[in-house]
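Novice: The following file, entry20.cif, comprises mmCIF, C-alpha atoms:
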```cif
data_protein
loop_
_atom_site.label_atom_id
_atom_site.label_comp_id
_atom_site.auth_asym_id
_atom_site.auth_seq_id
_atom_site.Cartn_x
_atom_site.Cartn_y
_atom_site.Cartn_z
CA MET K 1 -31.39 107.08 66.46
CA PRO K 2 -34.43 105.94 64.44
CA ASP K 3 -34.90 107.87 61.21
CA GLY K 4 -37.99 109.73 62.31
CA GLU K 5 -36.24 111.17 65.34
CA TYR K 6 -33.71 113.18 63.46
CA PRO K 7 -34.72 116.80 63.41
CA GLU K 8 -35.88 118.18 60.11
CA PHE K 9 -32.88 120.43 59.57
CA TYR K 10 -30.63 117.35 59.50
CA SER K 11 -31.91 116.83 55.94
CA PHE K 12 -31.27 120.44 54.96
CA PRO K 13 -28.07 120.29 52.87
CA PRO K 14 -26.60 123.67 53.97
CA PHE K 15 -26.65 122.38 57.52
CA PHE K 16 -23.38 120.66 56.59
CA THR K 17 -21.62 123.83 55.42
CA ILE K 18 -20.59 126.29 58.11
CA GLN K 19 -22.57 129.41 57.25
CA PRO K 20 -20.71 132.54 56.15
CA VAL K 21 -23.15 134.92 57.81
CA GLU K 22 -22.59 135.26 61.54
CA ALA K 23 -26.22 135.27 62.73
CA THR K 24 -27.10 132.26 60.60
CA LYS K 25 -23.97 130.45 61.73
CA GLU K 26 -24.88 131.05 65.36
CA LYS K 27 -28.28 129.49 64.77
CA GLN K 28 -26.69 126.61 62.90
CA LEU K 29 -24.21 125.85 65.68
CA SER K 30 -26.91 125.87 68.31
CA LEU K 31 -28.91 123.41 66.20
CA TRP K 32 -25.83 121.17 65.98
CA ASN K 33 -25.49 121.35 69.77
CA GLU K 34 -29.09 120.28 70.25
CA LEU K 35 -28.66 117.42 67.82
CA ILE K 36 -25.47 116.12 69.44
CA ILE K 37 -26.94 116.31 72.93
CA GLN K 38 -30.16 114.63 71.81
CA TYR K 39 -28.25 111.87 70.04
CA TYR K 40 -25.98 111.09 72.94
CA THR K 41 -28.79 111.30 75.44
CA ILE K 42 -30.59 108.48 73.72
CA GLN K 43 -27.49 106.36 74.14
CA LYS K 44 -28.11 106.42 77.85
CA LEU K 45 -25.12 104.51 79.11
CA ASN K 46 -22.37 105.97 77.07
CA LYS K 47 -22.33 109.71 76.58
CA ILE K 48 -18.95 109.75 74.94
CA LEU K 49 -18.43 111.28 71.53
CA ILE K 50 -15.42 110.01 69.65
CA VAL K 51 -14.73 112.62 67.02
CA HIS K 52 -13.54 110.40 64.21
CA GLU K 53 -16.34 107.88 64.76
CA CYS K 54 -19.33 110.12 65.26
CA PRO K 55 -22.01 109.07 62.76
CA LEU K 56 -23.73 112.45 62.83
CA TRP K 57 -21.15 114.15 60.62
CA TYR K 58 -22.33 112.27 57.56
CA ASN K 59 -25.88 112.16 56.28
CA LYS K 60 -25.93 109.49 53.65
CA LYS K 61 -29.46 110.26 52.56
CA ILE K 62 -28.61 113.70 51.27
CA GLN K 63 -24.96 112.91 50.57
CA ARG K 64 -23.62 115.64 52.80
CA LYS K 65 -20.59 115.44 55.02
CA LEU K 66 -18.97 117.91 57.37
CA SER K 67 -15.39 118.85 56.60
CA LYS K 68 -12.71 118.41 59.24
CA GLU K 69 -12.65 122.18 59.82
CA SER K 70 -16.41 122.29 60.22
CA ILE K 71 -16.33 119.51 62.80
CA ASP K 72 -13.69 121.47 64.74
CA ILE K 73 -15.90 124.55 64.77
CA ILE K 74 -18.93 122.56 65.93
CA MET K 75 -16.94 120.80 68.67
CA ASP K 76 -15.40 124.08 69.86
CA ASN K 77 -18.84 125.56 70.14
CA LEU K 78 -20.12 122.54 72.05
CA ILE K 79 -17.28 122.82 74.57
CA LYS K 80 -17.79 126.58 74.92
CA SER K 81 -21.48 126.11 75.61
CA GLY K 82 -20.61 123.90 78.57
CA ARG K 83 -22.35 120.88 77.09
CA GLY K 84 -19.22 118.96 76.30
CA GLU K 85 -15.71 118.55 77.62
CA TRP K 86 -12.63 116.88 76.27
CA ILE K 87 -11.52 113.77 78.08
CA ASP K 88 -8.16 114.16 76.36
CA THR K 89 -7.61 117.91 76.39
CA GLU K 90 -4.41 117.64 74.36
CA SER K 91 -5.36 115.47 71.40
CA LYS K 92 -9.09 116.30 71.45
CA THR K 93 -10.40 113.04 70.11
CA THR K 94 -12.89 112.08 72.79
CA CYS K 95 -15.55 114.27 74.29
CA ARG K 96 -17.92 113.69 77.16
CA ILE K 97 -21.38 115.02 76.41
CA LEU K 98 -22.84 116.81 79.36
CA TRP K 99 -26.48 116.81 78.60
CA ARG K 100 -26.86 118.00 82.15
CA LYS K 101 -24.17 120.28 83.53
CA PRO K 102 -22.73 119.30 86.94
CA GLU K 103 -24.70 122.08 88.64
CA GLU K 104 -27.93 120.85 87.07
CA LEU K 105 -27.14 117.29 88.09
CA ALA K 106 -26.50 118.42 91.64
CA THR K 107 -29.98 119.92 91.73
CA ASP K 108 -31.49 116.76 90.22
CA ILE K 109 -29.75 114.53 92.74
CA TYR K 110 -30.80 116.68 95.66
CA GLU K 111 -34.40 116.75 94.50
CA TRP K 112 -34.32 113.00 94.15
CA ALA K 113 -32.90 112.68 97.68
CA ILE K 114 -35.79 114.75 99.02
CA SER K 115 -38.53 112.92 97.15
CA SER K 116 -37.15 109.45 97.77
CA GLY K 117 -36.76 110.03 101.48
CA ASN K 118 -33.00 109.75 101.46
CA ILE K 119 -32.60 113.02 103.29
CA ALA K 120 -31.55 112.51 106.90
CA GLY K 121 -32.04 108.86 106.21
CA GLY K 122 -29.48 106.19 105.63
CA ILE K 123 -26.39 106.40 103.57
CA CYS K 124 -26.44 105.46 99.91
CA THR K 125 -23.43 104.54 97.84
CA ILE K 126 -22.01 106.03 94.69
CA TYR K 127 -22.94 102.83 92.92
CA GLU K 128 -26.56 103.09 94.02
CA LEU K 129 -26.70 106.65 92.81
CA HIS K 130 -25.74 105.83 89.25
CA SER K 131 -26.97 102.26 88.90
CA GLY K 132 -29.35 101.56 91.77
CA GLU K 133 -32.96 100.56 91.26
CA ASP K 134 -34.19 103.74 92.92
CA VAL K 135 -32.69 106.01 90.32
CA HIS K 136 -34.31 104.54 87.22
CA GLY K 137 -35.51 107.31 84.97
CA MET K 138 -33.47 109.95 86.79
CA SER K 139 -31.17 112.21 84.82
CA PHE K 140 -28.16 110.78 86.66
CA HIS K 141 -29.02 107.16 86.04
CA GLY K 142 -26.13 105.51 84.23
CA ILE K 143 -23.97 108.55 84.59
CA ASP K 144 -20.21 108.52 84.46
CA GLU K 145 -18.73 108.31 87.96
CA ASP K 146 -16.42 111.32 87.55
CA LEU K 147 -19.31 113.51 86.64
CA LEU K 148 -21.40 112.19 89.50
CA ARG K 149 -18.61 113.00 91.93
CA ARG K 150 -18.40 116.52 90.60
CA ALA K 151 -22.10 117.02 91.14
CA LEU K 152 -21.82 115.61 94.66
CA LYS K 153 -18.88 117.89 95.37
CA ILE K 154 -21.11 120.85 94.56
CA LEU K 155 -23.72 119.57 97.03
CA GLU K 156 -21.03 118.93 99.65
CA ASP K 157 -19.72 122.48 99.29
CA ASP K 158 -23.27 123.70 99.81
CA GLY K 159 -23.51 121.64 103.00
CA LYS K 160 -26.19 119.44 101.50
CA CYS K 161 -24.32 116.16 101.71
CA THR K 162 -21.24 114.46 103.10
CA ILE K 163 -19.19 111.85 101.31
CA PHE K 164 -17.63 109.01 103.32
CA LYS K 165 -14.82 106.83 102.11
CA GLY K 166 -15.87 103.28 101.39
CA GLU K 167 -13.80 100.16 100.76
CA THR K 168 -13.79 100.75 97.04
CA SER K 169 -14.55 103.99 95.31
CA SER K 170 -17.99 102.91 94.18
CA GLU K 171 -18.81 102.00 97.77
CA ASP K 172 -18.17 105.53 98.93
CA GLY K 173 -21.22 106.58 100.91
CA ILE K 174 -23.27 109.74 100.70
CA LYS K 175 -25.41 111.20 103.40
CA PHE K 176 -27.83 113.96 102.44
CA TYR K 177 -28.97 116.80 104.70
CA MET N 178 -84.31 153.65 44.38
CA GLN N 179 -86.03 153.37 47.73
CA SER N 180 -87.00 149.81 46.99
CA ALA N 181 -83.40 148.93 46.27
CA VAL N 182 -82.39 150.34 49.63
CA ASP N 183 -85.17 148.33 51.24
CA THR N 184 -83.96 145.21 49.57
CA ILE N 185 -80.44 145.74 50.81
CA GLU N 186 -81.73 146.32 54.31
CA LYS N 187 -83.80 143.20 54.16
CA LEU N 188 -80.80 141.25 52.94
CA GLN N 189 -78.74 142.61 55.77
CA ILE N 190 -81.32 141.43 58.25
CA LYS N 191 -81.35 138.02 56.63
CA LEU N 192 -77.59 137.94 56.73
CA THR N 193 -77.66 138.84 60.41
CA ASP N 194 -80.06 136.01 61.15
CA PHE N 195 -77.93 133.71 59.13
CA ALA N 196 -74.78 134.75 60.93
CA LYS N 197 -76.43 134.27 64.31
CA LYS N 198 -77.69 130.86 63.40
CA HIS N 199 -74.38 129.68 61.98
CA GLN N 200 -72.06 131.45 64.35
CA SER N 201 -70.16 128.33 65.32
CA ASP N 202 -69.81 127.19 61.71
CA ILE N 203 -68.36 130.57 60.80
CA GLN N 204 -65.86 130.30 63.62
CA ASP N 205 -64.87 126.67 63.15
CA ASP N 206 -65.24 125.73 59.51
CA PRO N 207 -62.82 127.38 57.10
CA ALA N 208 -64.85 126.62 53.96
CA PHE N 209 -68.05 127.90 55.50
CA ARG N 210 -66.25 131.00 56.71
CA GLN N 211 -64.98 131.81 53.27
CA GLN N 212 -68.42 131.43 51.71
CA PHE N 213 -69.91 133.64 54.35
CA LEU N 214 -67.35 136.35 53.60
CA GLN N 215 -68.19 136.06 49.91
CA MET N 216 -71.87 136.52 50.68
CA CYS N 217 -71.14 139.68 52.64
CA ALA N 218 -68.97 141.36 50.03
CA PRO N 219 -71.65 142.40 47.47
CA LEU N 220 -73.70 143.97 50.26
CA GLY N 221 -70.85 146.23 51.18
CA ILE N 222 -70.38 144.56 54.51
CA ASP N 223 -66.93 143.65 55.69
CA PRO N 224 -67.38 141.72 58.89
CA LEU N 225 -63.63 141.75 59.31
CA VAL N 226 -63.47 145.44 60.01
CA SER N 227 -66.78 145.95 61.78
CA GLN N 228 -65.59 144.84 65.15
CA LYS N 229 -67.63 147.39 66.98
CA GLY N 230 -71.24 147.96 66.21
CA PHE N 231 -73.25 145.77 63.94
CA TRP N 232 -71.31 142.50 63.79
CA ALA N 233 -69.96 142.55 67.30
CA LYS N 234 -73.54 142.79 68.51
CA THR N 235 -74.68 140.10 66.12
CA LEU N 236 -71.97 137.54 66.66
CA GLY N 237 -70.83 138.20 70.18
CA VAL N 238 -67.19 137.49 69.69
CA GLY N 239 -67.03 138.89 66.18
CA ILE N 240 -65.44 137.31 63.22
CA GLY N 241 -63.15 140.32 63.28
CA ASP N 242 -61.83 139.04 66.58
CA PHE N 243 -61.37 135.66 65.03
CA TYR N 244 -58.96 137.11 62.48
CA TYR N 245 -57.39 139.37 65.04
CA GLU N 246 -56.52 136.36 67.19
CA LEU N 247 -55.37 134.39 64.19
CA SER N 248 -53.07 137.17 63.06
CA VAL N 249 -51.38 137.16 66.47
CA LYS N 250 -50.79 133.43 66.06
CA VAL N 251 -49.44 133.88 62.55
CA ALA N 252 -47.04 136.53 63.81
CA GLU N 253 -45.88 134.23 66.59
CA VAL N 254 -45.11 131.39 64.21
CA CYS N 255 -43.24 133.71 61.85
CA PHE N 256 -41.16 135.24 64.62
CA ALA N 257 -40.33 131.90 66.17
CA THR N 258 -38.80 130.58 62.95
CA ARG N 259 -37.16 133.78 61.77
CA THR N 260 -33.60 132.81 62.67
CA LYS N 261 -33.96 129.70 60.55
CA ASN N 262 -35.69 131.10 57.49
CA GLY N 263 -34.82 134.79 57.52
CA GLY N 264 -38.45 135.77 57.86
CA ILE N 265 -39.87 134.03 54.81
CA MET N 266 -42.32 131.21 55.31
CA ALA N 267 -44.85 129.56 53.02
CA VAL N 268 -48.49 130.28 53.80
CA SER N 269 -49.10 126.53 53.64
CA GLU N 270 -46.39 125.88 56.22
CA VAL N 271 -47.81 128.45 58.65
CA CYS N 272 -51.24 126.97 58.08
CA ASP N 273 -50.05 123.43 58.81
CA THR N 274 -48.19 124.52 61.92
CA LEU N 275 -51.23 126.28 63.35
CA ASN N 276 -53.61 123.44 62.52
CA LYS N 277 -51.25 120.97 64.17
CA ASN N 278 -50.98 123.09 67.32
CA LYS N 279 -54.68 123.60 67.51
CA ASN N 280 -55.44 119.92 67.08
CA LYS N 281 -52.90 119.10 69.73
CA ASN N 282 -54.63 121.41 72.17
CA TYR N 283 -58.00 119.95 71.33
CA ASN N 284 -56.77 116.44 71.92
CA ASN N 285 -55.21 117.37 75.22
CA SER N 286 -58.26 119.06 76.60
CA ASN N 287 -60.80 116.59 75.35
CA SER N 288 -59.95 112.96 74.89
CA ARG N 289 -63.14 112.23 72.98
CA SER N 290 -62.43 115.09 70.65
CA LYS N 291 -62.87 115.16 66.93
CA LYS N 292 -60.18 113.68 64.83
CA GLU N 293 -57.58 115.90 63.26
CA GLN N 294 -59.23 118.51 61.12
CA GLN N 295 -58.44 121.65 59.29
CA LEU N 296 -59.33 124.63 61.40
CA TYR N 297 -57.71 127.37 59.39
CA SER N 298 -57.53 127.56 55.63
CA GLN N 299 -54.72 129.17 53.68
CA ASN N 300 -57.18 131.87 52.80
CA ASP N 301 -57.67 132.62 56.50
CA ILE N 302 -53.91 132.94 56.93
CA THR N 303 -53.71 135.38 54.02
CA ILE N 304 -56.49 137.53 55.49
CA ALA N 305 -54.71 137.50 58.85
CA VAL N 306 -51.47 138.67 57.21
CA LYS N 307 -53.37 141.53 55.55
CA LYS N 308 -54.52 142.62 58.99
CA LEU N 309 -50.94 142.49 60.22
CA SER N 310 -49.69 144.51 57.29
CA THR N 311 -51.75 147.49 58.41
CA LEU N 312 -49.73 147.53 61.62
CA GLY N 313 -46.48 148.09 59.75
CA GLY N 314 -43.39 146.02 60.45
CA GLY N 315 -43.31 144.73 56.92
CA PHE N 316 -45.74 141.82 57.14
CA ARG N 317 -46.92 140.87 53.66
CA THR N 318 -47.45 137.98 51.33
CA ILE N 319 -45.56 137.52 48.10
CA LYS N 320 -46.06 135.20 45.20
CA VAL N 321 -43.18 132.83 44.45
CA GLY N 322 -43.94 130.62 41.51
CA LYS N 323 -47.09 128.79 42.50
CA SER N 324 -46.68 129.40 46.20
CA ASP N 325 -47.67 132.21 48.50
CA MET N 326 -45.04 133.21 50.99
CA ILE N 327 -45.32 135.35 54.09
CA VAL N 328 -42.54 137.85 54.62
CA SER N 329 -42.29 139.01 58.23
CA VAL N 330 -39.32 141.38 57.97
CA PRO N 331 -39.25 144.89 56.55
CA THR N 332 -36.39 144.04 54.17
CA GLU N 333 -37.12 145.25 50.68
CA LEU N 334 -37.04 142.44 48.16
CA ASP N 335 -36.55 143.73 44.65
CA ASN N 336 -37.24 142.05 41.38
CA ASP N 337 -33.86 140.31 41.27
CA HIS N 338 -34.43 138.64 44.62
CA MET N 339 -37.89 137.57 43.61
CA GLU N 340 -36.71 136.13 40.33
CA ILE N 341 -33.96 134.15 42.04
CA MET N 342 -36.40 132.80 44.57
CA THR N 343 -38.92 131.87 41.92
CA LEU N 344 -36.24 130.08 39.96
CA ALA N 345 -35.14 128.18 43.07
CA ALA N 346 -38.72 127.14 43.71
CA ALA N 347 -39.08 125.81 40.19
CA HIS N 348 -35.67 124.21 40.07
CA GLU N 349 -35.65 120.43 40.25
CA ASN N 350 -32.40 119.54 41.84
CA GLY N 351 -30.76 117.00 39.57
CA GLY N 352 -33.90 114.87 39.34
CA GLY N 353 -33.82 111.95 41.74
CA GLY N 354 -36.83 113.25 43.62
CA GLN N 355 -34.76 115.68 45.67
CA PRO N 356 -36.68 118.64 46.94
CA SER N 357 -36.05 121.88 45.16
CA GLY N 358 -35.38 125.19 46.80
CA CYS N 359 -31.78 125.65 45.80
CA ILE N 360 -29.95 127.47 43.08
CA THR N 361 -26.41 128.07 41.83
CA VAL N 362 -24.87 131.17 40.29
CA ASP N 363 -24.65 129.26 37.01
CA ASP N 364 -28.38 128.51 37.11
CA ILE N 365 -29.05 132.20 37.46
CA LYS N 366 -26.70 133.10 34.63
CA GLN N 367 -28.27 130.60 32.31
CA GLN N 368 -31.89 131.19 33.07
CA LEU N 369 -32.41 134.83 33.91
CA ARG N 370 -31.99 137.44 31.24
CA TRP N 371 -30.43 140.15 33.38
CA SER N 372 -27.80 137.92 34.70
CA ASN N 373 -24.72 138.48 32.60
CA ASP N 374 -23.84 141.04 35.22
CA THR N 375 -22.00 138.98 37.86
CA GLY N 376 -21.91 141.90 40.26
CA ARG N 377 -25.67 142.08 40.18
CA ILE N 378 -25.98 138.38 40.99
CA ASP N 379 -23.49 138.71 43.83
CA ARG N 380 -25.36 141.67 45.29
CA ALA N 381 -28.66 139.82 45.19
CA ILE N 382 -27.22 136.65 46.71
CA SER N 383 -25.36 138.44 49.45
CA LEU N 384 -28.44 140.33 50.55
CA LEU N 385 -30.37 137.06 50.71
CA LEU N 386 -27.52 135.44 52.68
CA ASN N 387 -27.18 138.37 55.06
CA GLU N 388 -30.87 138.31 55.81
CA GLY N 389 -30.76 134.59 56.49
CA MET N 390 -33.25 134.01 53.71
CA VAL N 391 -30.74 131.79 51.98
CA TRP N 392 -28.24 129.28 53.35
CA LYS N 393 -25.08 128.30 51.55
CA ASP N 394 -24.22 124.69 50.74
CA ASP N 395 -20.73 123.88 49.42
CA TYR N 396 -20.88 120.58 47.66
CA HIS N 397 -18.21 119.16 45.38
CA GLY N 398 -16.73 122.58 44.82
CA ILE N 399 -20.01 124.21 43.79
CA SER N 400 -21.97 126.62 45.96
CA PHE N 401 -25.68 125.90 46.15
CA TYR N 402 -27.91 128.52 47.72
CA TRP N 403 -30.93 127.14 49.53
CA PHE N 404 -34.09 128.91 50.60
CA PRO N 405 -35.22 127.18 53.81
CA SER N 406 -38.72 128.52 53.22
CA VAL N 407 -39.03 126.92 49.78
CA TRP N 408 -37.24 123.74 50.81
CA LYS N 409 -39.49 123.31 53.81
CA GLU N 410 -42.64 123.71 51.78
CA LYS N 411 -41.57 121.08 49.26
CA MET N 412 -40.53 118.72 52.05
CA ASP N 413 -43.98 118.89 53.59
CA ILE N 414 -45.63 118.06 50.32
CA MET N 415 -43.45 115.02 49.80
#
```
Show how you would write the structure in this file as structure tokens.
Specialist:
Amino acid sequence: MPDGEYPEFYSFPPFFTIQPVEATKEKQLSLWNELIIQYYTIQKLNKILIVHECPLWYNKKIQRKLSKESIDIIMDNLIKSGRGEWIDTESKTTCRILWRKPEELATDIYEWAISSGNIAGGICTIYELHSGEDVHGMSFHGIDEDLLRRALKILEDDGKCTIFKGETSSEDGIKFY
Amino acid sequence: MQSAVDTIEKLQIKLTDFAKKHQSDIQDDPAFRQQFLQMCAPLGIDPLVSQKGFWAKTLGVGIGDFYYELSVKVAEVCFATRTKNGGIMAVSEVCDTLNKNKNKNYNNSNSRSKKEQQLYSQNDITIAVKKLSTLGGGFRTIKVGKSDMIVSVPTELDNDHMEIMTLAAAHENGGGGQPSGCITVDDIKQQLRWSNDTGRIDRAISLLLNEGMVWKDDYHGISFYWFPSVWKEKMDIM
């Protein structure tokens, strides 16, 4: 992320110490959530946070670094808020950042289907939904396939689409209603 | 005696004409506004309180309304940042925030608009806070070192808190151009006379922490206590 895009509080040294007072800590953790989501949203194609590699934990400019325990607290809070989920639930090293929750993505996809005329039209593939030309600039562009399938499952349960098996998984077809 | 009264009346009429003529300057130009208020004072006129009657008739939307609206905006800014700064915010920071917002709106609504300009002065903000203070709720300004701060919570700050805050504002953090706004227990012990009493320091610090006016920063085994309000002000100057 370019320097100017870091929020101001990222230069506030106490931001790197988990606050002893509950109300302040709550605020602090929600600011960390925003920062993580913002950071991983800019990296459009890979919304995966690897805990021991995440550059956010250390701000060289002010010489502040989160402790291991602090990182755990921040990650726990991220997961609880529904904005992140462990890919490896046991070892907890890799986290998928859900800058849109599956339910929100489902809404986005359905709105796109309406506005792009895909409703009651032809069938589009999974591949087209995450990497097709039509979805440029959409929230689900470049999205992880698992997550996309979860969003589609929500739409399917609502009777808003049907998923057909294709030759390969990314050729699975979707028809919107 | 009668002639003195006449003179005052004449001056009031002049002032009315003046106010009518320069209505838009009074509303839009902070320096002009301040001078106008200074002209009114010796004549016993406070346009800020005479919303009904004389000035409302003279100015249409009175200058009292101007400050009334401004004080609502000041309150909004203070409330919106309360969870981050515990309800303390520099007058200059509030002023900057409002001027930025206002300029943004101008630029959106009118593409040929004036370039960025100061619409509110710090003096305006202080007057607006005074208006708010009459409503209760604890709004007030306090002096911290060279800065004026707005407090938007009813929490009582005693002398100890004020001294700690003033010290933090003056404290240059290890040189190196780092912004000040932080303080350690040792700083307090060394620099404030009352501070051999550790219990007293702890009580002061824990109130400030509990109110969110101070954030804790553990660094190399030392606890630094930071005032977001002071830190923010220094950051903006840099």
Novice: Residues of chain K within 8 Å of chain N, counting all atoms listed in the file, what are they? List them as JSON, numbers by chain.
Specialist: {"K": [12, 13, 14, 15, 16, 17, 19, 20, 21, 23, 24, 27, 64]}
Novice: Just the number, please: distance in Å from atom CA of N:Ala305 to atom CA of N:Cys255, one decimal.
Specialist: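 It comes out at 12.4 Å.
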Novice: At what distance in Å, to one decimal, does atom CA of N:Ser329 lie from atom CA of N:Gln215?
Specialist: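 So the answer is 27.4 Å.
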Novice: Kindly give the distance, in Å, that separates atom CA of K:Leu98 and atom CA of K:Asn33, rounded to a single decimal.
Specialist: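 Between atom CA of K:Leu98 and atom CA of K:Asn33 the gap is 10.9 Å.
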Novice: Applying 6 Å and all atoms listed in the file, which residues near N:Arg317 remain after dropping the ones on its own chain fewer than 2 positions away? List them as a PyMOL selection string.
Specialist: chain N and resi 310+327-328
Novice: With a distance cut-off of 10 Å and all atoms listed in the file, select the neighbouring residues of stretch 140-156 of chain K, excluding the residue or stretch itself and same-chain residues fewer than 6 positions from it, and output the selection as a PyMOL selection string.
Specialist: chain K and resi 44-48+96+98+100-110+112+126-134+162-163+169-170+174-177
